[in-house]
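Visitor: Have a look at this one before I ask anything.
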Amino acid sequence: MIVDFQNGQAILRLSEPQEQRMIQAAAVAYAKEKAEQEALQQVYTITTLAKRLGCGKTKTYELINAGVIRHQLVGNKAFITERAVREWFGDK
């Protein structure tokens, strides 16, 4: 790896194997970030959230009604985002 400075900018020169590893690492990081963003778009109903949490619908309703997990009501149906579930778990 060689770093050149031209016109006040650093230019990184890599050998072909180094460049391939950098490109591959960037592609893996991009794929992980994209998958994470897609997962955060997931929206659950009470039934699907109960399956996600591994508990029953009654316990899920208790968590929702107690305000422990953020949700949106559309009519009488609750919708919960993956982001809200992760916040409840303490993830950001």
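Each chain in the structure tokens gets a letter, A, B, ..., in the order shown, and its residues are numbered from 1; ligands are numbered from 1 in order too.
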Using only C-alpha atoms, determine which residues lie at most 10 Å from segment 63-67 of chain A, disregarding the query and same-chain residues fewer than 4 positions distant; provide the list as a PyMOL selection string.
Guide: chain A and resi 46+57-59+71-72+78-80
Visitor: Kindly export the residues of the current selection with C-alpha atoms, as a short mmCIF file (atom, residue, chain, number, x, y, z; two decimals), in the first residue's frame.
Guide:
```cif
data_model
loop_
_atom_site.label_atom_id
_atom_site.label_comp_id
_atom_site.auth_asym_id
_atom_site.auth_seq_id
_atom_site.Cartn_x
_atom_site.Cartn_y
_atom_site.Cartn_z
CA ILE A 46 -50.18 -9.01 17.49
CA LYS A 57 -50.95 -13.38 22.12
CA THR A 58 -52.20 -12.64 25.64
CA LYS A 59 -48.71 -11.68 26.84
CA HIS A 71 -47.41 0.60 18.50
CA GLN A 72 -49.87 2.26 16.14
CA ALA A 78 -52.26 -2.82 16.46
CA PHE A 79 -49.17 -2.57 14.26
CA ILE A 80 -45.68 -2.75 15.74
#
```
Visitor: Using Å and a single decimal, report how far atom CA of Ile69 of chain A sits from atom CA of Gly90 of chain A.
Guide: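 If I compute the distance from atom CA of Gly90 of chain A to atom CA of Ile69 of chain A, I get 11.3 Å.
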Visitor: From the DSSP assignment of the backbone, select every residue of chain A that is helix (DSSP H, G or I), and format the answer as number ranges by chain.
Guide: A: 16-40, 46-53, 57-65, 82-89
Visitor: With a cut-off of 12 Å, could you pull out the residues of segment 33-83 of chain A touching segment 9-29 of chain A and give me the nearest pair of atoms for each, distance in Å to one decimal, using only C-alpha atoms, ordered by chain and ascending number, as CSV?
Guide:
```
residue,atom,partner,partner_atom,distance
A:Glu33,CA,A:Ala29,CA,6.2
A:Lys34,CA,A:Ala29,CA,8.6
A:Ala35,CA,A:Ala29,CA,10.0
A:Glu36,CA,A:Ala29,CA,10.6
```
Visitor: For Arg83 of chain A, which residue among A:Ala39, A:Glu62, A:Val68, A:Leu49 is the nearest when counting only C-alpha atoms?
Guide: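 For Arg83 of chain A, the nearest of the candidates is A:Ala39.
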Visitor: So how many Å separate atom CA of Asp4 of chain A and atom CA of Tyr30 of chain A, to one decimal?
Guide: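 Answer for the atom CA of Asp4 of chain A to atom CA of Tyr30 of chain A separation: 27.1 Å.
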Visitor: Quick check for you: according to DSSP on this backbone, which residues of chain A are classed as strand (DSSP E)? Reply as a ChimeraX atom specification.
Guide: /A:2-6,9-13,43-44,72-74,77-81
Visitor: Given only C-alpha atoms as the basis, pick out the residue of A:Asn7, A:Thr60, A:Val74, A:Lys32 nearest to Thr47 of chain A.
Guide: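 With only C-alpha atoms as the atom set, the closest residue is A:Thr60.
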Visitor: Of the candidates A:Glu82, A:Cys55, A:Asp91, A:Phe5, which one gets nearest to Glu38 of chain A if we count only C-alpha atoms?
Guide: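 Of A:Glu82, A:Cys55, A:Asp91, A:Phe5, the one nearest Glu38 of chain A, counting only C-alpha atoms, is A:Glu82.
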Visitor: With distances taken over only C-alpha atoms, which of A:Trp88, A:Gly75, A:Thr81, A:Arg52 is nearest to Leu40 of chain A?
Guide: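 Answer, going by the shortest atom-to-atom distance: A:Thr81.
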